[in-house]
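> I have a structure here, written as structure tokens, and I will follow up with some questions on it.
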Amino acid sequence: MSSVATFEVEGSIGIITVDSPPVNALGINVRRALDEGFKRFSSDAAVEAVVLVCDGRTFFAGADISEFDKPQEGPDLQAVFDLIEGGSKPVVAAIHGTALGGGYELALICHYRIAVPSAKVGLPEVNLGLLPGAGGTQRLPRIVGVPAALDIITGGKPIAANAALELGMIDALAAEGKLREDAIAFARQIVAENRPLLRVRDRNEKLEAAKGDPDLFDAYLAKNARAFKGFKAPGNIVRAVQAAVETAPDFDAGMARETELFIELRDSAESAAQRYYFFAERETAKIPGIAKDTPLLPVKSVGVVGAGTMGGGIAMNFLNIGVPVSLVEMSQEALDRGIGVIRKTYEAAAAKGRMSPDQVEKRLGLITPCIGLETLGEVDLIVEAVFEQMSVKQDIFAKLGAIARPGAILATNTSFLDVNKIAEASGRPEHVVGLHFFAPANVMRLLEVVRGTRTDLSVIATAMKLAKQIGKVPVLSGVCDGFIANRAMRARGDQADQLVLEGTPLEAVDQAACGYGFAMGPFQMMDLVGLDVIGRDSTEQTVMSELVARDRLGLKRNGGYYDYDDKRQGSPSPVAREVIAGLAEARGVPQIPTEGSEEILARLLYPVVNEGARILEEGIAVRASDIDVALITGYNWPVYTGGPMFWADTIGLPKIVAKLKEYEGRFGESFKPAALLEKLAAEGGSFTR
Ligand code: 3HC
């Protein structure tokens with residue numbers, strides 16, 4: 001008898017119920033259980049059909065990702081699938097939660113699929129740098145047609161049951177909460193009606209139809225070239241679906257091609273990085289000292305101080321999950337402006353069909369507009385998002401300390417000020433935490449939870465949980481200038497500036513960064529955000545401050561590092577060149593341009609790794625993978641590199657140390673390798689493995 005499944009018979013229906021927490025991944029124990037269950041029912045004459053259902057929070061969530069790096073123990077997934085598909089009795093997959101990846105591929109092997117309305121199905125392997133390698137690329141197009149299959153598999157997004165029913169991805173809906181009963185009734189009906197064994201592999205009409213358009217696949221890749229750039233999986237997915245069409249009706253030939261393309265991905269550096277990232281993102285919530293029984297504080301209402309761009313974005317996160325927000329400003333005009341921006345954002349989402357007009361009004365109805373802090377006496381959490389100046393923040397926290405109810409969480413959205421000093425001003429530092437949102441705060445996934453030296457564990461635990469509820473990826477940071485993401489990326493910004501002062505063309509710097517996988521280079525990014533915004537707090541004379549002094553604020557006004565035409569297309573700017581040359585001369589920077597992308601990248605990114613090592617040795621980040629998660633979610637660091645720390649491990653730490661030492665000799669001690677980096681390199685250690 002299996003430890004993760006039960007096998008029962010009700011009348012003529014055999015029921016296999018799998019329960020392998022947390023998500024019924026198709027690991028070795030589950031595969032053994034399925035093997036045992038299906039063999040048992042195939043030889044039981046009393047059983048005429050089989051229902052496959054799961055207990056716990058979900059139907060099978062896919063192959064067990066942690067097994068990819070080890071030799072797989074038998075029976076492998078394919079053997080189990082062959083057993084089910086080749087059987088002589090109809091099998092009904094009964095789906096709740098999410099049937100994902102190998103989990104949905106298993107459902108596709110079954111002869112029929114029934115799901116509750118809250119269920120979702122999908123093939124998200126692309127997010128792991130993989131393709132659905134258990135027949136997904138061969139079976140899905142046979143059901144939904146080639147164009148829809150390409151979108152579903154390269155998009156990797158789960159599809160809600162109703163839409164899945166329309167697409168044919170499931171055959172019927174069960175009543176919510178009555179999946180088992182309805183699936184058994186469905187199976188009985190199939191038996192009573194003597195319905196045939198419907199094998200998806202035998203359905204070839206939709207593939208035959210696609211044979212008339214052989215250019216479809218190249219056209220699809222060309223159309224999506226920008227979105228797919230740097231990723232290996234989408235190309236292989238498209239080729240696997242193409243193979244399904246070209247080999248149909250020979251299913252096994254298509255499968256053989258799918259397997260080749262899957263193995264190529266499984267063994268690729270990109271997929272290794274993306275699988276690492278999958279677990280790293282889930283790891284951030286695990287914090288030493290915080291356990292499942294750490295008490296959480298209630299957060300049923302929120303106050304946001306400041307209705308500017310940041311405050312408005314922060315407020316939307318809570319409105320989106322139905323939490324009422326008291327939005328505070330100093331004047332009615334500022335309040336109206338802030339609420340107006342929120343309305344516009346929601347209306348734009350509604351115009352794109354992402355929410356209904358009703359939902360827009362419902363969310364706006366959760367805002368209580370307030371003038372002054374005094375109205376915040378009853379809320380559970382107050383997030384301050386005002387001007388980035390210590391005295392202003394301390395003043396607000398002193399007032400909040402007097403106004404807020406005992407036990408309320410007081411949070412600051414500061415991006416670089418000392419959270420401890422702000423906390424002390426409140427008179428209740430144990431309830432103060434940093435909640436560092438990234439702009440636009442309603443969109444960016446990263447939320448740095450900044451722990452002051454006196455912040456209570458329950459406050460941190462609550463903040464981490466709340467972050468997940470509002471759809472963020474929380475990363476815990478200690479107090480330091482810039483916290484994790486901005487501090488690490490400042491190292492890249494400093495080098496970009498220095499490189500251009502040494503005579504390296506700024507276009508070459510941006511091109512190198514884009515070649516690595518960033519959506520844009522450091523100078524393109526600064527032009528987009530606005531030089532006045534980025535340089536706001538700097539008192540130094542820099543290329544940026546010189547450009548701002550000439551009213552060159554970036555894309556929005558007069559160009560910045562680049563000149564822009566009417567179509568917002570950038571081109572090298574003679575003015576920027578002159579500013580750079582002038583500053584280089586004034587500072588006496590020797591003109592030695594750095595040549596070649598590889599060298600530019602080492603110069604830009606090895607200092608980020610070095611700063612990451614310092615962040616780690618100072619205990620600012622809990623673990624190296626948290627730094628990777630922060631930069632991937634906060635700065636769109638290309639996920640297929642795994643982030644700077646994982647990437648550094650793949651390059652080899654001794655190589656990075658040697659290069660940093662070379663730079664230290666040439667440019668000074670800011671390049672000195674961090675002690676932790678040197679130690680790991682010397683020991684043959686690594687940050688992430
Ligand atoms: N393999 C191994 N572990 C998995 C897993 C999987 N497929 N899916 C989830 N887990 C683990 C997580 O690491 C986490 O572990 P932890 O508690 O130790 O941190 C735990 O299960 C719970 O996961 P979540 O925190 O993500 O739980 P949620 O309830 O938020 O989400 C989920 C559930 C939607 C199922 C989500 O876990 C998910 O998206 N899982 C991955 C689905 C996926 O990508 N499947 C494809 C796998 S590859 C494949 O099938 C290849 C095949 O084509 C051959």
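Ordered as shown in the structure tokens, chains take letters A, B, and onward, while each chain numbers its residues from 1 and ligands are numbered from 1 in the order shown.
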Tell me which protein, DNA and RNA residues are within 9 Å of A:Leu616, counting only C-alpha atoms, leaving out same-chain ones fewer than 6 positions away, and put them as an NGL selection string.

:A and (622-624 or 627 or 676)

> I want to know what sits within 7 Å of stretch 129-145 of chain A, based on only C-alpha atoms, with residues of the same chain fewer than 6 positions away left out; could you give that as a ChimeraX atom specification?

/A:78,101-102,105,123,167-169,200-201,203-204,206-207,232-233,237,240-241,244,254-255,258-259,262,265-266,270-271,274

> Next, dump the selected residues to file, keeping only N, CA, C and O atoms, as a short mmCIF file (atom, residue, chain, number, x, y, z; two decimals), in the first residue's frame.


data_model
loop_
_atom_site.label_atom_id
_atom_site.label_comp_id
_atom_site.auth_asym_id
_atom_site.auth_seq_id
_atom_site.Cartn_x
_atom_site.Cartn_y
_atom_site.Cartn_z
N GLN A 78 7.31 8.87 -18.02
CA GLN A 78 6.84 8.33 -19.29
C GLN A 78 6.26 6.93 -19.11
O GLN A 78 5.21 6.60 -19.67
N GLY A 101 2.09 21.96 -15.60
CA GLY A 101 3.23 21.24 -16.14
C GLY A 101 2.92 19.76 -16.29
O GLY A 101 1.87 19.37 -16.81
N GLY A 102 3.82 18.92 -15.76
CA GLY A 102 3.60 17.48 -15.81
C GLY A 102 2.26 17.09 -15.23
O GLY A 102 1.68 16.05 -15.60
N GLU A 105 -0.05 17.64 -18.00
CA GLU A 105 0.27 16.63 -19.03
C GLU A 105 -0.29 15.27 -18.62
O GLU A 105 -0.76 14.50 -19.46
N LEU A 123 0.68 25.03 -18.62
CA LEU A 123 2.00 24.45 -18.85
C LEU A 123 3.05 25.54 -18.62
O LEU A 123 3.46 26.23 -19.55
N LEU A 167 -11.76 26.30 -24.37
CA LEU A 167 -10.67 25.91 -25.26
C LEU A 167 -10.62 24.40 -25.51
O LEU A 167 -9.88 23.93 -26.36
N GLY A 168 -11.35 23.65 -24.69
CA GLY A 168 -11.30 22.20 -24.81
C GLY A 168 -10.22 21.56 -23.94
O GLY A 168 -9.98 20.36 -24.01
N MET A 169 -9.55 22.38 -23.12
CA MET A 169 -8.48 21.82 -22.29
C MET A 169 -9.03 20.94 -21.17
O MET A 169 -8.33 20.10 -20.62
N VAL A 200 -5.85 11.65 -26.61
CA VAL A 200 -5.52 12.92 -27.27
C VAL A 200 -4.53 12.67 -28.41
O VAL A 200 -4.59 13.32 -29.45
N ARG A 201 -3.63 11.73 -28.23
CA ARG A 201 -2.59 11.49 -29.24
C ARG A 201 -3.16 11.10 -30.61
O ARG A 201 -2.50 11.23 -31.62
N ARG A 203 -5.81 12.44 -31.98
CA ARG A 203 -6.58 13.53 -32.62
C ARG A 203 -5.64 14.36 -33.50
O ARG A 203 -4.81 15.10 -32.97
N ASN A 204 -5.79 14.28 -34.78
CA ASN A 204 -4.82 14.93 -35.66
C ASN A 204 -5.38 16.06 -36.51
O ASN A 204 -4.62 16.74 -37.21
N LYS A 206 -6.44 19.11 -36.05
CA LYS A 206 -5.93 20.49 -35.89
C LYS A 206 -4.49 20.60 -36.39
O LYS A 206 -4.06 21.67 -36.82
N LEU A 207 -3.75 19.50 -36.29
CA LEU A 207 -2.38 19.53 -36.79
C LEU A 207 -2.37 19.48 -38.32
O LEU A 207 -1.58 20.17 -38.97
N LYS A 232 16.13 30.58 -23.82
CA LYS A 232 16.33 29.45 -24.71
C LYS A 232 15.03 28.66 -24.92
O LYS A 232 14.79 28.10 -25.98
N ALA A 233 14.21 28.62 -23.87
CA ALA A 233 13.04 27.73 -23.90
C ALA A 233 12.02 28.07 -25.00
O ALA A 233 11.54 27.16 -25.69
N ILE A 237 10.36 25.40 -27.61
CA ILE A 237 8.92 25.10 -27.54
C ILE A 237 8.30 25.21 -28.93
O ILE A 237 7.57 24.32 -29.38
N ALA A 240 9.26 22.34 -31.01
CA ALA A 240 8.60 21.08 -30.60
C ALA A 240 7.18 21.03 -31.13
O ALA A 240 6.72 19.99 -31.62
N VAL A 241 6.47 22.16 -31.08
CA VAL A 241 5.10 22.19 -31.62
C VAL A 241 5.16 22.00 -33.14
O VAL A 241 4.33 21.30 -33.73
N ALA A 244 5.33 18.51 -33.88
CA ALA A 244 4.03 17.84 -33.76
C ALA A 244 3.30 17.92 -35.09
O ALA A 244 2.71 16.92 -35.56
N GLY A 254 6.96 12.70 -33.16
CA GLY A 254 6.89 14.04 -32.56
C GLY A 254 7.41 14.01 -31.13
O GLY A 254 8.15 14.89 -30.69
N MET A 255 7.04 12.94 -30.40
CA MET A 255 7.49 12.80 -29.01
C MET A 255 9.02 12.71 -28.93
O MET A 255 9.65 13.27 -28.03
N GLU A 258 10.35 16.08 -29.22
CA GLU A 258 10.09 16.83 -27.99
C GLU A 258 11.12 16.46 -26.92
O GLU A 258 11.66 17.33 -26.22
N THR A 259 11.39 15.16 -26.81
CA THR A 259 12.34 14.71 -25.79
C THR A 259 13.73 15.30 -26.03
O THR A 259 14.38 15.78 -25.10
N PHE A 262 13.65 18.87 -25.06
CA PHE A 262 13.53 19.00 -23.60
C PHE A 262 14.88 18.78 -22.92
O PHE A 262 15.30 19.55 -22.06
N LEU A 265 17.19 21.61 -23.16
CA LEU A 265 16.86 22.69 -22.21
C LEU A 265 17.22 22.28 -20.78
O LEU A 265 17.80 23.07 -20.03
N ARG A 266 16.85 21.07 -20.40
CA ARG A 266 17.10 20.62 -19.03
C ARG A 266 18.59 20.76 -18.69
O ARG A 266 18.94 21.13 -17.57
N GLU A 270 20.68 28.20 -18.79
CA GLU A 270 19.50 29.05 -18.56
C GLU A 270 18.49 28.36 -17.65
O GLU A 270 17.98 28.96 -16.71
N SER A 271 18.21 27.10 -17.95
CA SER A 271 17.22 26.40 -17.13
C SER A 271 17.74 26.17 -15.72
O SER A 271 16.99 26.30 -14.74
N GLN A 274 17.08 29.32 -13.97
CA GLN A 274 15.67 29.58 -13.71
C GLN A 274 15.09 28.63 -12.66
O GLN A 274 14.24 29.01 -11.88
#

> Would you give me, as a ChimeraX atom specification, the residues in stretch 103-292 of chain A that DSSP reads as strand (DSSP E)?

/A:112-115,120-122,159-160,172-173

> Just write the chosen residues, N, CA and C atoms, as a PDB file, in the first residue's frame.


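Saved as again.pdb:
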ATOM      1  N   TYR A 112     -10.429  11.624 -20.033  1.00  0.00           N
ATOM      2  CA  TYR A 112     -11.349  12.753 -19.827  1.00  0.00           C
ATOM      3  C   TYR A 112     -10.835  13.616 -18.678  1.00  0.00           C
ATOM      4  N   ARG A 113     -11.232  14.910 -18.691  1.00  0.00           N
ATOM      5  CA  ARG A 113     -10.803  15.857 -17.660  1.00  0.00           C
ATOM      6  C   ARG A 113     -12.003  16.645 -17.138  1.00  0.00           C
ATOM      7  N   ILE A 114     -12.154  16.649 -15.816  1.00  0.00           N
ATOM      8  CA  ILE A 114     -13.227  17.429 -15.197  1.00  0.00           C
ATOM      9  C   ILE A 114     -12.577  18.290 -14.108  1.00  0.00           C
ATOM     10  N   ALA A 115     -13.068  19.534 -13.940  1.00  0.00           N
ATOM     11  CA  ALA A 115     -12.420  20.426 -12.961  1.00  0.00           C
ATOM     12  C   ALA A 115     -13.462  21.282 -12.264  1.00  0.00           C
ATOM     13  N   LYS A 120      -7.251  25.864 -12.016  1.00  0.00           N
ATOM     14  CA  LYS A 120      -6.526  26.422 -13.165  1.00  0.00           C
ATOM     15  C   LYS A 120      -5.661  25.327 -13.764  1.00  0.00           C
ATOM     16  N   VAL A 121      -5.494  25.400 -15.071  1.00  0.00           N
ATOM     17  CA  VAL A 121      -4.621  24.422 -15.729  1.00  0.00           C
ATOM     18  C   VAL A 121      -3.599  25.163 -16.579  1.00  0.00           C
ATOM     19  N   GLY A 122      -2.453  24.551 -16.803  1.00  0.00           N
ATOM     20  CA  GLY A 122      -1.480  25.242 -17.648  1.00  0.00           C
ATOM     21  C   GLY A 122      -0.161  24.506 -17.746  1.00  0.00           C
ATOM     22  N   ILE A 159      -4.507  28.858 -16.835  1.00  0.00           N
ATOM     23  CA  ILE A 159      -5.779  29.255 -17.445  1.00  0.00           C
ATOM     24  C   ILE A 159      -6.920  28.803 -16.553  1.00  0.00           C
ATOM     25  N   ALA A 160      -7.834  29.723 -16.275  1.00  0.00           N
ATOM     26  CA  ALA A 160      -8.952  29.420 -15.374  1.00  0.00           C
ATOM     27  C   ALA A 160      -9.868  28.380 -16.019  1.00  0.00           C
ATOM     28  N   ALA A 172     -15.360  19.029 -18.782  1.00  0.00           N
ATOM     29  CA  ALA A 172     -16.571  19.325 -18.012  1.00  0.00           C
ATOM     30  C   ALA A 172     -16.200  20.062 -16.736  1.00  0.00           C
ATOM     31  N   LEU A 173     -17.184  20.767 -16.185  1.00  0.00           N
ATOM     32  CA  LEU A 173     -16.993  21.424 -14.885  1.00  0.00           C
ATOM     33  C   LEU A 173     -17.733  20.637 -13.814  1.00  0.00           C
TER      34      LEU A 173
END

> Could you name the residues that touch A:Phe318 at 12 Å or less, counting only C-alpha atoms, but leaving out those on the same chain fewer than 5 positions away, as a PyMOL selection string?

chain A and resi 299-304+311-313+323-327+363-364+366-367+381-383+441-442+466-472

> Do you know which residues are within 7 Å of ligand 1 using only C-alpha atoms and all ligand atoms? Can you write them as a ChimeraX atom specification?

/A:22-23,25,61-66,98,100-103,123-125,127-128,131-134,136,279,282-283

> Can you list, as a list of chain:residue names, every protein, DNA or RNA residue that comes within 9 Å of A:Ile592 when you count only C-alpha atoms, leaving out same-chain residues fewer than 6 positions away?

A:Leu499, A:Glu502, A:Gly503, A:Thr504

> Rank nothing, just name the residue among A:Arg577, A:Gly338, A:Ser268, A:Phe667 nearest to A:Asp69, using only C-alpha atoms.

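Smallest separation from A:Asp69 among the options: A:Ser268.
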
> Residues of stretch 138-373 of chain A in helix (DSSP H, G or I) according to DSSP, as a ChimeraX atom specification?

/A:138-144,146-155,161-167,179-192,200-202,205-210,216-223,225-228,233-247,251-266,269-283,309-320,332-351,357-364,373

> Have a look at A:Gly530, A:Gly86, A:Pro249, A:Gly478 and name the one nearest to A:Lys211; count only C-alpha atoms.

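Smallest distance to A:Lys211 is found for A:Pro249.
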
> Pick out the residues sitting within 8 Å of A:Ser118, and hand them over as a list of chain:residue names; count only C-alpha atoms, and ignore anything fewer than 3 positions along from it in its own chain.

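The filter keeps A:His96, A:Gly97, A:Ala160, A:Ala161, A:Glu176.
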
> Could you turn the residues from that selection into a file that holds all heavy atoms, as a short mmCIF file (atom, residue, chain, number, x, y, z; two decimals), in the first residue's frame?


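And here's part_30.cif as it stands now:
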data_model
loop_
_atom_site.label_atom_id
_atom_site.label_comp_id
_atom_site.auth_asym_id
_atom_site.auth_seq_id
_atom_site.Cartn_x
_atom_site.Cartn_y
_atom_site.Cartn_z
N HIS A 96 -8.59 19.98 -9.08
CA HIS A 96 -8.84 21.16 -8.26
C HIS A 96 -7.49 21.86 -8.07
O HIS A 96 -6.44 21.28 -8.38
CB HIS A 96 -9.46 20.79 -6.91
CG HIS A 96 -8.47 20.26 -5.91
ND1 HIS A 96 -7.82 19.06 -6.07
CD2 HIS A 96 -8.01 20.79 -4.74
CE1 HIS A 96 -7.00 18.86 -5.05
NE2 HIS A 96 -7.09 19.90 -4.22
N GLY A 97 -7.50 23.10 -7.58
CA GLY A 97 -6.24 23.83 -7.39
C GLY A 97 -5.62 24.12 -8.75
O GLY A 97 -6.29 24.68 -9.62
N ALA A 160 -7.83 29.72 -16.27
CA ALA A 160 -8.95 29.42 -15.37
C ALA A 160 -9.87 28.38 -16.02
O ALA A 160 -9.99 28.30 -17.25
CB ALA A 160 -9.72 30.69 -15.07
N ALA A 161 -10.55 27.60 -15.15
CA ALA A 161 -11.34 26.44 -15.62
C ALA A 161 -12.35 26.82 -16.71
O ALA A 161 -12.48 26.09 -17.70
CB ALA A 161 -12.04 25.80 -14.43
N GLU A 176 -18.28 23.25 -7.34
CA GLU A 176 -17.23 23.58 -6.37
C GLU A 176 -17.47 22.78 -5.09
O GLU A 176 -18.60 22.71 -4.59
CB GLU A 176 -17.30 25.10 -6.08
CG GLU A 176 -16.03 25.71 -5.55
CD GLU A 176 -14.90 25.72 -6.59
OE1 GLU A 176 -15.07 26.31 -7.64
OE2 GLU A 176 -13.85 25.13 -6.29
#

> Quick one: distance from atom CA of A:Arg343 to atom CA of A:Pro369 in Å, one decimal?

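Computing it gives 13.3 Å between the two atoms.
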
> Write out as an MDAnalysis selection string which residues come within 8 Å of A:Asp626 when counting only C-alpha atoms, dropping same-chain ones fewer than 6 positions away.

chainID A and resid 280:281 283:284 475:476

> Which is closest to A:Ala658 among A:Ala630, A:Ala602, A:Ala219, A:Ala584, if we use only C-alpha atoms?

A:Ala602

> Quick one: of A:Pro158, A:Gly668, A:Gly56, A:Gly377, who's nearest to A:Ala408, counting only C-alpha atoms?

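Answer, going by the shortest atom-to-atom distance: A:Gly377.
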